[in-house]
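input_11.csv (CSV, C-alpha atoms) appears below.
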chain,number,residue,atom,x,y,z
C,1277,MET,CA,64.3,-21.7,10.6
C,1278,ALA,CA,61.3,-20.4,12.5
C,1279,LEU,CA,63.7,-18.4,14.7
C,1280,ILE,CA,65.4,-16.9,11.7
C,1281,ALA,CA,62.1,-15.9,10.3
C,1282,VAL,CA,61.1,-14.3,13.5
C,1283,LEU,CA,64.2,-12.2,13.8
C,1284,GLY,CA,64.3,-11.2,10.2
C,1285,MET,CA,60.7,-10.0,10.1
C,1286,ALA,CA,61.1,-8.2,13.4
C,1287,VAL,CA,63.9,-6.1,11.9
C,1288,SER,CA,62.1,-5.5,8.6
C,1289,GLY,CA,58.8,-4.8,10.3
C,1290,CYS,CA,56.9,-6.5,7.5
C,1291,GLY,CA,53.2,-7.5,7.8
C,1292,SER,CA,50.0,-5.7,7.1
C,1293,GLY,CA,47.6,-7.0,9.7
C,1294,VAL,CA,45.0,-4.9,11.4
C,1295,ILE,CA,45.6,-4.1,15.1
C,1296,ASP,CA,43.5,-2.1,17.6
C,1297,ALA,CA,43.9,1.5,18.3
C,1298,SER,CA,46.2,2.1,21.3
C,1299,THR,CA,44.7,2.1,24.7
C,1300,ASP,CA,47.9,3.4,26.4
C,1301,GLY,CA,46.9,6.5,28.3
C,1302,VAL,CA,43.2,5.6,28.3
C,1303,PRO,CA,41.7,5.0,31.8
C,1304,ALA,CA,41.6,1.2,32.5
C,1305,ALA,CA,37.8,1.2,33.0
C,1306,GLU,CA,37.3,2.7,29.5
C,1307,ALA,CA,39.9,0.8,27.5
C,1308,THR,CA,38.6,-1.4,24.8
C,1309,GLY,CA,40.2,-3.8,22.3
C,1310,THR,CA,41.8,-7.3,22.4
C,1311,LEU,CA,44.8,-8.3,24.4
C,1312,ARG,CA,46.6,-11.1,22.6
C,1313,VAL,CA,48.4,-13.4,25.0
C,1314,LEU,CA,50.9,-16.1,23.9
C,1315,ILE,CA,51.3,-18.4,26.9
C,1316,PRO,CA,52.6,-22.0,27.3
C,1317,SER,CA,52.2,-21.8,31.1
C,1318,PHE,CA,48.6,-23.2,31.0
C,1319,PRO,CA,48.0,-26.6,29.3
C,1320,SER,CA,45.4,-26.5,26.6
C,1321,SER,CA,43.4,-29.0,28.6
C,1322,SER,CA,40.0,-28.2,30.2
C,1323,LYS,CA,41.7,-27.7,33.5
C,1324,GLY,CA,44.3,-25.4,32.0
C,1325,ARG,CA,41.7,-23.3,30.2
C,1326,GLU,CA,39.5,-23.2,33.3
C,1327,GLU,CA,42.4,-21.8,35.4
C,1328,PHE,CA,43.3,-19.3,32.6
C,1329,ASP,CA,39.7,-18.0,32.5
C,1330,LYS,CA,40.1,-17.2,36.2
C,1331,VAL,CA,43.1,-15.0,35.5
C,1332,VAL,CA,41.1,-13.2,32.8
C,1333,ALA,CA,38.2,-12.6,35.2
C,1334,ASP,CA,40.7,-11.2,37.7
C,1335,PHE,CA,42.3,-8.9,35.0
C,1336,ARG,CA,38.8,-7.7,34.0
C,1337,LYS,CA,38.2,-6.2,37.4
C,1338,THR,CA,40.7,-3.5,36.3
C,1339,TYR,CA,40.0,-3.6,32.5
C,1340,PRO,CA,36.3,-4.6,32.2
C,1341,LYS,CA,35.9,-3.8,28.5
C,1342,MET,CA,39.1,-5.5,27.2
C,1343,ASN,CA,38.9,-8.8,25.5
C,1344,VAL,CA,41.6,-11.4,26.1
C,1345,GLU,CA,42.6,-13.7,23.3
C,1346,PRO,CA,44.9,-16.6,24.5
C,1347,ASP,CA,47.2,-18.7,22.4
C,1348,PHE,CA,48.0,-21.8,24.4
C,1349,ALA,CA,51.4,-22.5,22.8
C,1350,THR,CA,54.0,-25.1,23.7
C,1351,TYR,CA,57.7,-24.6,23.8
C,1352,SER,CA,57.9,-26.7,20.6
C,1353,ASN,CA,55.8,-24.3,18.6
C,1354,LEU,CA,56.5,-21.0,20.4
C,1355,ASN,CA,58.9,-19.7,17.7
C,1356,GLU,CA,56.5,-20.6,14.9
C,1357,LYS,CA,53.6,-18.7,16.5
C,1358,MET,CA,55.7,-15.6,17.1
C,1359,SER,CA,56.9,-15.7,13.5
C,1360,THR,CA,53.4,-16.1,12.2
C,1361,SER,CA,52.1,-13.2,14.3
C,1362,ILE,CA,54.9,-10.8,13.1
C,1363,ALA,CA,54.3,-11.8,9.5
C,1364,ALA,CA,50.6,-11.1,9.8
C,1365,GLY,CA,51.3,-7.8,11.4
C,1366,ILE,CA,49.3,-8.7,14.5
C,1367,PRO,CA,51.8,-8.9,17.3
C,1368,TYR,CA,51.1,-10.4,20.7
C,1369,ASP,CA,50.8,-8.0,23.6
C,1370,VAL,CA,52.0,-10.5,26.3
C,1371,MET,CA,54.5,-13.2,25.5
C,1372,VAL,CA,55.6,-15.9,27.9
C,1373,THR,CA,58.8,-17.6,26.9
C,1374,GLY,CA,61.6,-19.4,28.7
C,1375,VAL,CA,65.0,-18.8,30.3
C,1376,GLY,CA,67.5,-18.2,27.5
C,1377,TRP,CA,64.9,-16.7,25.2
C,1378,ILE,CA,65.0,-13.1,26.6
C,1379,GLN,CA,68.3,-11.9,25.2
C,1380,PRO,CA,67.7,-13.1,21.6
C,1381,PHE,CA,64.3,-11.4,21.3
C,1382,ALA,CA,65.2,-8.3,23.3
C,1383,SER,CA,68.2,-7.8,21.1
C,1384,LYS,CA,65.8,-7.7,18.1
C,1385,ARG,CA,63.5,-5.3,19.9
C,1386,ILE,CA,60.6,-7.8,20.0
C,1387,PHE,CA,60.2,-7.2,23.8
C,1388,ALA,CA,59.5,-3.9,25.6
C,1389,ASP,CA,61.7,-2.6,28.4
C,1390,LEU,CA,59.9,-3.3,31.6
C,1391,GLY,CA,61.7,-0.4,33.3
C,1392,GLU,CA,58.9,1.7,31.9
C,1393,PHE,CA,56.6,0.1,34.4
C,1394,GLY,CA,58.9,0.4,37.4
C,1395,VAL,CA,60.5,-3.1,37.1
C,1396,THR,CA,64.0,-2.9,38.6
C,1397,ASN,CA,66.5,-5.4,39.9
C,1398,ASP,CA,65.5,-4.4,43.4
C,1399,LEU,CA,61.9,-5.1,42.7
C,1400,ILE,CA,62.6,-8.6,41.4
C,1401,ALA,CA,64.9,-9.3,44.3
C,1402,GLN,CA,62.3,-8.2,46.8
C,1403,GLN,CA,59.3,-10.1,45.2
C,1404,SER,CA,60.8,-12.9,43.1
C,1405,ILE,CA,64.0,-14.8,42.8
C,1406,ALA,CA,67.1,-12.5,42.7
C,1407,ALA,CA,69.2,-15.2,41.0
C,1408,MET,CA,66.9,-15.1,38.0
C,1409,ILE,CA,67.6,-11.3,37.3
C,1410,PRO,CA,70.3,-12.0,34.7
C,1411,THR,CA,67.9,-14.3,32.8
C,1412,ALA,CA,65.5,-11.3,32.3
C,1413,THR,CA,68.2,-8.8,31.5
C,1414,TYR,CA,69.7,-7.6,28.2
C,1415,ASN,CA,72.2,-4.7,28.0
C,1416,GLY,CA,71.3,-3.6,31.5
C,1417,LYS,CA,67.6,-3.4,31.0
C,1418,ILE,CA,64.9,-5.8,32.2
C,1419,TYR,CA,62.6,-7.4,29.5
C,1420,ALA,CA,60.8,-10.1,31.4
C,1421,TYR,CA,59.4,-11.0,34.8
C,1422,PRO,CA,59.8,-14.5,36.2
C,1423,LEU,CA,56.6,-16.6,36.6
C,1424,VAL,CA,57.8,-20.1,37.5
C,1425,ALA,CA,61.1,-21.8,38.0
C,1426,ASP,CA,61.9,-25.2,36.6
C,1427,ALA,CA,64.9,-26.4,38.7
C,1428,ARG,CA,67.0,-29.6,38.8
C,1429,ALA,CA,68.8,-31.5,41.5
C,1430,VAL,CA,71.1,-34.5,41.9
C,1431,ALA,CA,69.9,-37.7,43.7
C,1432,LEU,CA,71.4,-40.9,44.9
C,1433,ARG,CA,70.1,-44.2,46.1
C,1434,ALA,CA,71.0,-44.8,49.7
C,1435,SER,CA,70.8,-48.6,49.4
C,1436,ALA,CA,73.2,-48.6,46.4
C,1437,PHE,CA,75.6,-46.4,48.2
C,1438,ARG,CA,75.7,-48.7,51.3
C,1439,GLU,CA,76.0,-51.7,49.0
C,1440,ALA,CA,79.1,-50.1,47.5
C,1441,GLY,CA,80.6,-49.2,50.9
C,1442,LEU,CA,79.8,-45.5,50.5
C,1443,ASP,CA,78.1,-43.2,53.0
C,1444,PRO,CA,74.8,-41.9,51.5
C,1445,ASP,CA,74.7,-39.1,54.1
C,1446,LYS,CA,78.0,-37.7,52.6
C,1447,PRO,CA,77.1,-37.4,48.9
C,1448,PRO,CA,79.8,-36.5,46.4
C,1449,THR,CA,79.5,-33.0,45.1
C,1450,SER,CA,82.6,-32.3,42.9
C,1451,MET,CA,83.2,-33.8,39.5
C,1452,ALA,CA,86.2,-35.8,40.9
C,1453,GLU,CA,84.1,-37.2,43.8
C,1454,ILE,CA,81.2,-38.0,41.5
C,1455,LYS,CA,83.4,-39.9,39.1
C,1456,ALA,CA,85.1,-41.9,41.8
C,1457,ASP,CA,81.8,-42.9,43.4
C,1458,ALA,CA,80.0,-43.5,40.1
C,1459,GLU,CA,82.7,-46.0,39.0
C,1460,LYS,CA,82.2,-47.9,42.3
C,1461,LEU,CA,78.4,-47.9,41.8
C,1462,THR,CA,78.3,-49.0,38.2
C,1463,LYS,CA,77.2,-52.6,37.7
C,1464,ARG,CA,78.1,-54.7,34.7
C,1465,ASN,CA,77.3,-58.2,33.5
C,1466,ALA,CA,79.8,-60.9,32.7
C,1467,GLN,CA,80.4,-59.5,29.3
C,1468,GLY,CA,81.2,-56.1,30.7
C,1469,THR,CA,78.0,-54.4,29.6
C,1470,ILE,CA,76.6,-51.7,31.9
C,1471,THR,CA,73.5,-53.0,33.6
C,1472,ARG,CA,73.1,-50.2,36.1
C,1473,PRO,CA,74.6,-46.8,35.5
C,1474,GLY,CA,76.6,-45.3,38.3
C,1475,PHE,CA,75.5,-41.9,37.2
C,1476,ASP,CA,72.5,-41.0,35.0
C,1477,PHE,CA,72.9,-37.7,33.1
C,1478,PHE,CA,69.2,-37.7,32.3
C,1479,ALA,CA,70.3,-36.4,28.9
C,1480,GLY,CA,69.4,-38.8,26.1
C,1481,THR,CA,71.5,-37.5,23.3
C,1482,SER,CA,71.6,-33.8,24.4
C,1483,TYR,CA,74.2,-33.2,27.1
C,1484,ARG,CA,73.9,-29.4,26.8
C,1485,GLN,CA,72.0,-28.7,30.1
C,1486,ALA,CA,74.1,-31.2,32.0
C,1487,TYR,CA,77.3,-29.6,30.7
C,1488,VAL,CA,76.0,-26.1,31.7
C,1489,THR,CA,75.3,-27.3,35.2
C,1490,PHE,CA,78.6,-29.1,35.8
C,1491,LEU,CA,80.6,-26.2,34.3
C,1492,ALA,CA,78.8,-23.7,36.5
C,1493,SER,CA,79.7,-25.8,39.5
C,1494,THR,CA,83.4,-24.9,38.8
C,1495,GLY,CA,82.4,-21.2,39.1
C,1496,THR,CA,82.4,-20.6,35.4
C,1497,PRO,CA,79.1,-19.6,33.7
C,1498,LEU,CA,78.2,-20.4,30.1
C,1499,TYR,CA,78.0,-16.6,29.3
C,1500,ALA,CA,78.5,-13.5,31.3
C,1501,ASP,CA,77.4,-10.1,30.0
C,1502,GLY,CA,76.7,-11.7,26.7
C,1503,ARG,CA,80.2,-13.0,26.3
C,1504,GLU,CA,81.1,-16.7,26.2
C,1505,LYS,CA,83.0,-18.0,29.2
C,1506,PHE,CA,82.9,-21.7,28.4
C,1507,ASN,CA,85.9,-21.5,26.1
C,1508,SER,CA,88.3,-21.7,29.1
C,1509,PRO,CA,90.4,-24.2,30.9
C,1510,ASP,CA,87.4,-25.0,33.2
C,1511,GLY,CA,85.2,-25.5,30.1
C,1512,VAL,CA,87.7,-27.9,28.5
C,1513,ASP,CA,88.2,-29.8,31.7
C,1514,THR,CA,84.5,-30.2,32.2
C,1515,LEU,CA,84.0,-31.5,28.7
C,1516,GLN,CA,86.9,-33.9,29.0
C,1517,TRP,CA,85.3,-35.1,32.3
C,1518,PHE,CA,82.1,-35.9,30.4
C,1519,ARG,CA,84.2,-37.9,28.0
C,1520,SER,CA,85.7,-39.9,30.8
C,1521,MET,CA,82.2,-40.7,32.2
C,1522,ILE,CA,80.1,-41.6,29.1
C,1523,ASN,CA,80.4,-45.3,28.2
C,1524,ASN,CA,82.3,-45.7,31.5
C,1525,VAL,CA,79.5,-45.2,34.0
C,1526,GLN,CA,76.6,-44.8,31.6
C,1527,VAL,CA,76.0,-45.8,28.0
C,1528,SER,CA,75.9,-42.9,25.7
C,1529,GLY,CA,72.3,-41.7,25.2
C,1530,GLN,CA,70.8,-44.2,27.6
C,1531,GLN,CA,67.3,-43.5,28.9
C,1532,ASN,CA,64.5,-45.5,30.3
C,1533,ALA,CA,61.2,-46.1,28.4
C,1534,ALA,CA,59.5,-43.3,30.3
C,1535,GLN,CA,62.3,-40.9,29.6
C,1536,GLN,CA,62.4,-40.0,33.3
C,1537,PRO,CA,65.4,-39.8,35.7
C,1538,MET,CA,66.6,-43.3,36.2
C,1539,VAL,CA,67.8,-42.7,39.7
C,1540,LEU,CA,64.2,-42.2,40.9
C,1541,THR,CA,63.3,-45.8,40.2
C,1542,GLY,CA,66.6,-47.4,41.1
C,1543,GLU,CA,67.6,-48.0,37.5
C,1544,ALA,CA,70.7,-45.9,38.2
C,1545,ALA,CA,72.5,-45.5,41.5
C,1546,MET,CA,72.9,-41.7,41.2
C,1547,GLY,CA,72.0,-39.0,38.7
C,1548,LEU,CA,70.4,-35.8,37.6
C,1549,THR,CA,66.7,-35.4,38.3
C,1550,GLY,CA,63.8,-33.1,37.2
C,1551,GLY,CA,62.0,-30.8,39.6
C,1552,ALA,CA,59.4,-33.0,41.3
C,1553,VAL,CA,58.8,-36.6,42.3
C,1554,ASP,CA,55.5,-38.4,42.9
C,1555,CYS,CA,55.9,-40.5,46.0
C,1556,SER,CA,52.3,-41.9,45.9
C,1557,ASP,CA,51.4,-45.4,44.7
C,1558,LYS,CA,50.5,-43.8,41.3
C,1559,GLY,CA,54.1,-42.6,41.1
C,1560,ILE,CA,57.3,-44.3,42.3
C,1561,GLY,CA,55.9,-45.2,45.7
C,1562,LYS,CA,57.0,-44.4,49.3
C,1563,ALA,CA,59.8,-47.1,49.4
C,1564,ASN,CA,61.6,-45.6,46.4
C,1565,CYS,CA,61.2,-42.1,47.8
C,1566,ASP,CA,62.6,-43.1,51.2
C,1567,ASP,CA,65.7,-44.5,49.5
C,1568,LEU,CA,66.5,-41.2,47.8
C,1569,ARG,CA,68.9,-38.5,49.0
C,1570,PHE,CA,69.1,-35.1,47.2
C,1571,PHE,CA,72.1,-32.8,46.8
C,1572,ARG,CA,73.7,-30.1,44.7
C,1573,LEU,CA,76.8,-30.0,42.6
C,1574,ASN,CA,79.8,-28.1,44.0
C,1575,SER,CA,83.2,-28.1,42.3
C,1576,GLY,CA,83.9,-24.7,43.8
C,1577,ARG,CA,80.5,-23.3,43.7
C,1578,GLU,CA,77.2,-24.8,44.8
C,1579,VAL,CA,74.7,-24.7,42.0
C,1580,GLU,CA,71.2,-25.6,40.9
C,1581,PHE,CA,70.2,-25.6,37.2
C,1582,VAL,CA,67.1,-23.5,36.7
C,1583,GLY,CA,64.8,-22.9,33.7
C,1584,GLY,CA,61.3,-21.4,33.8
C,1585,ASP,CA,58.6,-19.3,32.3
C,1586,MET,CA,59.2,-15.5,31.8
C,1587,ALA,CA,56.5,-12.9,31.0
C,1588,SER,CA,57.3,-10.1,28.5
C,1589,ILE,CA,55.4,-7.3,26.8
C,1590,GLY,CA,55.6,-7.1,23.0
C,1591,SER,CA,57.4,-4.0,21.8
C,1592,ARG,CA,54.8,-3.4,19.1
C,1593,SER,CA,51.8,-3.8,21.4
C,1594,ARG,CA,49.2,-1.1,21.3
C,1595,HIS,CA,48.1,-2.1,24.8
C,1596,LYS,CA,51.3,-2.0,26.8
C,1597,GLU,CA,49.6,-0.7,30.0
C,1598,ALA,CA,47.0,-3.4,29.9
C,1599,ALA,CA,49.7,-6.0,29.1
C,1600,TRP,CA,51.6,-5.0,32.2
C,1601,ALA,CA,48.3,-5.2,34.2
C,1602,PHE,CA,47.8,-8.7,32.9
C,1603,ILE,CA,51.4,-9.7,33.9
C,1604,GLN,CA,50.7,-8.3,37.4
C,1605,THR,CA,47.6,-10.5,37.5
C,1606,LEU,CA,49.7,-13.5,36.4
C,1607,THR,CA,52.3,-12.9,39.1
C,1608,ARG,CA,49.9,-12.9,42.0
C,1609,PRO,CA,51.0,-15.7,44.4
C,1610,ALA,CA,47.7,-17.6,44.1
C,1611,THR,CA,48.0,-17.6,40.3
C,1612,LEU,CA,51.7,-18.6,40.3
C,1613,ASP,CA,50.7,-21.5,42.6
C,1614,VAL,CA,48.2,-22.7,40.0
C,1615,ILE,CA,50.8,-22.4,37.2
C,1616,ALA,CA,53.4,-24.2,39.3
C,1617,THR,CA,51.1,-27.1,40.1
C,1618,LEU,CA,49.9,-27.5,36.6
C,1619,ASN,CA,53.5,-27.8,35.3
C,1620,LYS,CA,55.2,-29.4,38.3
C,1621,LYS,CA,57.4,-26.3,38.6
C,1622,LEU,CA,58.0,-23.8,41.4
C,1623,PRO,CA,56.3,-20.4,41.7
C,1624,ALA,CA,58.9,-17.7,41.3
C,1625,TYR,CA,58.0,-15.7,44.3
C,1626,LYS,CA,60.1,-15.0,47.4
C,1627,ASP,CA,58.8,-17.7,49.7
C,1628,ALA,CA,58.7,-20.5,47.1
C,1629,VAL,CA,60.0,-23.0,49.7
C,1630,ASN,CA,56.6,-22.8,51.5
C,1631,SER,CA,54.5,-23.0,48.3
C,1632,PRO,CA,52.0,-25.8,47.8
C,1633,GLN,CA,54.2,-27.3,45.1
C,1634,ALA,CA,57.2,-27.3,47.4
C,1635,ARG,CA,55.2,-28.9,50.2
C,1636,SER,CA,53.8,-31.6,47.8
C,1637,ASN,CA,56.9,-33.7,47.5
C,1638,PRO,CA,60.5,-33.9,48.9
C,1639,LEU,CA,62.3,-33.2,45.6
C,1640,SER,CA,60.4,-29.9,45.0
C,1641,LYS,CA,61.0,-29.0,48.6
C,1642,PHE,CA,64.7,-29.5,48.2
C,1643,ILE,CA,65.1,-27.5,45.1
C,1644,ALA,CA,62.9,-24.7,46.4
C,1645,GLY,CA,65.4,-24.3,49.2
C,1646,GLY,CA,68.3,-23.7,46.8
C,1647,LEU,CA,66.9,-21.3,44.2
C,1648,GLU,CA,69.5,-18.7,45.3
C,1649,ASN,CA,72.1,-21.0,43.7
C,1650,ALA,CA,70.4,-20.8,40.3
C,1651,VAL,CA,72.5,-21.2,37.2
C,1652,TYR,CA,71.0,-21.3,33.7
C,1653,GLU,CA,71.7,-21.8,30.0
C,1654,GLY,CA,71.7,-19.0,27.5
C,1655,GLY,CA,72.9,-15.5,27.8
C,1656,SER,CA,73.9,-14.6,24.3
C,1657,ALA,CA,71.8,-12.8,21.7
C,1658,ASN,CA,71.9,-15.8,19.4
C,1659,TRP,CA,71.3,-18.5,22.0
C,1660,LEU,CA,68.3,-20.0,20.3
C,1661,GLU,CA,70.4,-20.7,17.3
C,1662,MET,CA,73.4,-21.9,19.5
C,1663,ARG,CA,71.4,-24.5,21.4
C,1664,GLY,CA,71.4,-26.9,18.5
C,1665,ASN,CA,75.1,-26.3,17.9
C,1666,PHE,CA,75.9,-27.1,21.5
C,1667,ASP,CA,73.9,-30.3,21.3
C,1668,THR,CA,75.7,-31.6,18.2
C,1669,GLN,CA,79.2,-30.5,19.0
C,1670,LEU,CA,79.3,-31.4,22.7
C,1671,SER,CA,78.3,-34.9,21.8
C,1672,GLN,CA,81.1,-35.1,19.2
C,1673,ALA,CA,83.7,-34.2,21.9
C,1674,ILE,CA,82.1,-36.5,24.5
C,1675,LEU,CA,82.2,-39.4,22.1
C,1676,GLY,CA,85.9,-38.7,21.2
C,1677,GLN,CA,85.1,-37.7,17.6
C,1678,LYS,CA,86.5,-34.2,18.0
C,1679,ASP,CA,89.0,-32.5,20.3
C,1680,ALA,CA,87.3,-30.8,23.3
C,1681,GLY,CA,89.3,-27.6,23.1
C,1682,LYS,CA,88.6,-27.2,19.4
C,1683,VAL,CA,84.9,-27.9,19.8
C,1684,LEU,CA,84.6,-25.1,22.5
C,1685,ALA,CA,86.7,-22.7,20.4
C,1686,ASN,CA,84.4,-23.3,17.5
C,1687,LEU,CA,81.3,-22.8,19.6
C,1688,ALA,CA,82.8,-19.6,21.0
C,1689,GLY,CA,83.3,-18.3,17.4
C,1690,GLN,CA,79.8,-19.1,16.5
C,1691,SER,CA,78.5,-17.2,19.6
C,1692,ARG,CA,79.8,-13.8,18.3

Hey, can you dump this file as structure tokens for me?
Amino acid sequence: MALIAVLGMAVSGCGSGVIDASTDGVPAAEATGTLRVLIPSFPSSSKGREEFDKVVADFRKTYPKMNVEPDFATYSNLNEKMSTSIAAGIPYDVMVTGVGWIQPFASKRIFADLGEFGVTNDLIAQQSIAAMIPTATYNGKIYAYPLVADARAVALRASAFREAGLDPDKPPTSMAEIKADAEKLTKRNAQGTITRPGFDFFAGTSYRQAYVTFLASTGTPLYADGREKFNSPDGVDTLQWFRSMINNVQVSGQQNAAQQPMVLTGEAAMGLTGGAVDCSDKGIGKANCDDLRFFRLNSGREVEFVGGDMASIGSRSRHKEAAWAFIQTLTRPATLDVIATLNKKLPAYKDAVNSPQARSNPLSKFIAGGLENAVYEGGSANWLEMRGNFDTQLSQAILGQKDAGKVLANLAGQSR
């Protein structure tokens, strides 16, 4: 509902709030006013605020008279805050959102074209992660700049593989191989109840991101150029594969109490992971880490699921030049390192594999080395509405309540 409100008000342009006089064209040293920044990248903790204040201090070296008003949002209330700002007629100047958010908001002219500031595909490819260019693009124009990448990998327990007579140094990568190994790795009690999943989808009741990742490994993206690609033989086969796995190698919706990847603690023999692992005694410990092997899916294409934070300029901003200067401050390597460490993500700069976050743990190091294989969810102008539809309808097909082909055809119709 918040999203619908945002898009509706963006089109109607309602709101009667008071905003500053424009500073565009005014020398930076003389520009005055307030730069409003919506940013979930810094936690609203004392540490997060302290680090954000450093960014502001750096920005003020160029714009000494500008005030900066931060709104430390979270991804759970980002839509609501954007909706409220538009209704009040006081738009944000800088907005940090996520992968999959750019096309919906760019299509409603909420974000400004960054081409005005010299941002091109070549610039992002040279300075950031080339594989993330499509996530920032709508109708051939770039509306966001990558800040940090939130990537995923697949992991296995070497001890579990050896116990099952499998070679942990030759991990399965295709869906067929993963199913065969997962069935051998699954443990059950005398009643047939699964006591250790052979594969943990790290999904709970939402298989959307897992489905996107496995589908992409066949060479088929969710969307391309705004058009759905999942309603295809590969899409149907992938969804039917999920149906053959759930309640076979893992109970539907199963998670551990911490809602963390079960493979990291040995509660599952293999499975999807997040983007970092704590190998210290405060985390899972060295012994658990030493038992892990990481790999990527490949059923025709090697892939790594990637989300992340993307910085945009509000189309109704009266301070677009200052907003771009602020984004440039955010994208300095030292700042991106701080954001990455605070959020256990990777800085979206060229040499992310040698970043402090990548060097801090073996899982981050592994995924940093595969960012060129990035695949992601989203791509349609109505993706933020479609996410919930995918969650519900994929689960219905996976649990055998609806036909896989009909589910994907229905989702394709809703995407247009």

Next on the checklist: Using all atoms listed in the file, which protein or nucleic acid residues come within 9 Å of Ser1508 (chain C)? Drop anything in the same chain fewer than 3 positions from it, and give the result as a list in words.
Outcome noted: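 Here the qualifying residues turn out to be Thr1496, Lys1505, Gly1511, Val1512, Asp1513, Gly1681, Leu1684 and Ala1685 of chain C.
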
Select, counting all atoms listed in the file, all protein, DNA and RNA residues no farther than 12 Å from (64.0, -39.9, 30.0) in file coordinates, and express the selection as an mmCIF file with C-alpha atoms, in the coordinates of the input.
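Saved as result_26.cif:
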data_model
loop_
_atom_site.group_PDB
_atom_site.id
_atom_site.type_symbol
_atom_site.label_atom_id
_atom_site.label_comp_id
_atom_site.auth_asym_id
_atom_site.auth_seq_id
_atom_site.Cartn_x
_atom_site.Cartn_y
_atom_site.Cartn_z
ATOM 1 C CA ASP C 1476 72.500 -41.000 35.000
ATOM 2 C CA PHE C 1477 72.900 -37.700 33.100
ATOM 3 C CA PHE C 1478 69.200 -37.700 32.300
ATOM 4 C CA ALA C 1479 70.300 -36.400 28.900
ATOM 5 C CA GLY C 1480 69.400 -38.800 26.100
ATOM 6 C CA THR C 1481 71.500 -37.500 23.300
ATOM 7 C CA SER C 1482 71.600 -33.800 24.400
ATOM 8 C CA GLY C 1529 72.300 -41.700 25.200
ATOM 9 C CA GLN C 1530 70.800 -44.200 27.600
ATOM 10 C CA GLN C 1531 67.300 -43.500 28.900
ATOM 11 C CA ASN C 1532 64.500 -45.500 30.300
ATOM 12 C CA ALA C 1533 61.200 -46.100 28.400
ATOM 13 C CA ALA C 1534 59.500 -43.300 30.300
ATOM 14 C CA GLN C 1535 62.300 -40.900 29.600
ATOM 15 C CA GLN C 1536 62.400 -40.000 33.300
ATOM 16 C CA PRO C 1537 65.400 -39.800 35.700
ATOM 17 C CA MET C 1538 66.600 -43.300 36.200
ATOM 18 C CA VAL C 1539 67.800 -42.700 39.700
ATOM 19 C CA LEU C 1540 64.200 -42.200 40.900
ATOM 20 C CA THR C 1541 63.300 -45.800 40.200
ATOM 21 C CA GLU C 1543 67.600 -48.000 37.500
ATOM 22 C CA GLY C 1547 72.000 -39.000 38.700
ATOM 23 C CA LEU C 1548 70.400 -35.800 37.600
ATOM 24 C CA THR C 1549 66.700 -35.400 38.300
ATOM 25 C CA GLY C 1550 63.800 -33.100 37.200
#

Using all atoms listed in the file, which residues sit within 7 Å of region 1638-1644 of chain C once same-chain residues fewer than 6 positions away are excluded, as a PDB file with C-alpha atoms, in the coordinates of the input?
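This went into out-v8.pdb:
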ATOM      1  CA  ALA C1427      64.900 -26.400  38.700  1.00  0.00           C
ATOM      2  CA  ARG C1428      67.000 -29.600  38.800  1.00  0.00           C
ATOM      3  CA  ALA C1429      68.800 -31.500  41.500  1.00  0.00           C
ATOM      4  CA  GLY C1551      62.000 -30.800  39.600  1.00  0.00           C
ATOM      5  CA  ALA C1552      59.400 -33.000  41.300  1.00  0.00           C
ATOM      6  CA  VAL C1553      58.800 -36.600  42.300  1.00  0.00           C
ATOM      7  CA  ALA C1628      58.700 -20.500  47.100  1.00  0.00           C
ATOM      8  CA  VAL C1629      60.000 -23.000  49.700  1.00  0.00           C
TER       9      VAL C1629
END

Next on the checklist: List the spatial neighbours of Ile1400 (chain C) as a list in words - criterion: any atom at most 12 Å away, only C-alpha atoms, same-chain residues fewer than 2 positions off excluded.
Outcome noted: Leu1390, Gly1391, Gly1394, Val1395, Thr1396, Asn1397, Asp1398, Gln1402, Gln1403, Ser1404, Ile1405, Ala1406, Ala1407, Met1408, Ile1409, Pro1410, Thr1411, Ala1412, Thr1413, Ile1418, Tyr1419, Ala1420, Tyr1421, Pro1422, Leu1423, Thr1607, Ala1624, Tyr1625 and Lys1626 of chain C

Item to check | Residue nearest Gln1604 (chain C) among C:Ala1616, C:Val1370, C:Val1579, C:Ala1456 (counting only C-alpha atoms) | outcome: C:Val1370

Item to check | Pick from C:Arg1608, C:His1595, C:Arg1484, C:Lys1678, whichever lies nearest to Met1342 (chain C) using only C-alpha atoms | outcome: C:His1595

Next on the checklist: So, with all atoms listed in the file as the atoms that count, which of C:Lys1446, C:Gly1590, C:Arg1503, C:Val1488 lies closest to Met1358 (chain C)?
Outcome noted: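 Of all the options, C:Gly1590 lies closest to Met1358 (chain C).
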
Item to check | CA of Thr1373 (chain C) to CA of Arg1663 (chain C), straight-line distance in Å | outcome: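 CA of Thr1373 (chain C) lies at a distance of 15.4 Å from CA of Arg1663 (chain C).
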
Item to check | Thr1449 (chain C) environment, 8 Å, all atoms listed in the file, sequence neighbours closer than 5 positions dropped, as a PyMOL selection string | outcome: chain C and resi 1454+1571-1575

What does the file look like for those residues with C-alpha atoms, as an mmCIF file, keeping the file's coordinate frame?
data_model
loop_
_atom_site.group_PDB
_atom_site.id
_atom_site.type_symbol
_atom_site.label_atom_id
_atom_site.label_comp_id
_atom_site.auth_asym_id
_atom_site.auth_seq_id
_atom_site.Cartn_x
_atom_site.Cartn_y
_atom_site.Cartn_z
ATOM 1 C CA ILE C 1454 81.200 -38.000 41.500
ATOM 2 C CA PHE C 1571 72.100 -32.800 46.800
ATOM 3 C CA ARG C 1572 73.700 -30.100 44.700
ATOM 4 C CA LEU C 1573 76.800 -30.000 42.600
ATOM 5 C CA ASN C 1574 79.800 -28.100 44.000
ATOM 6 C CA SER C 1575 83.200 -28.100 42.300
#
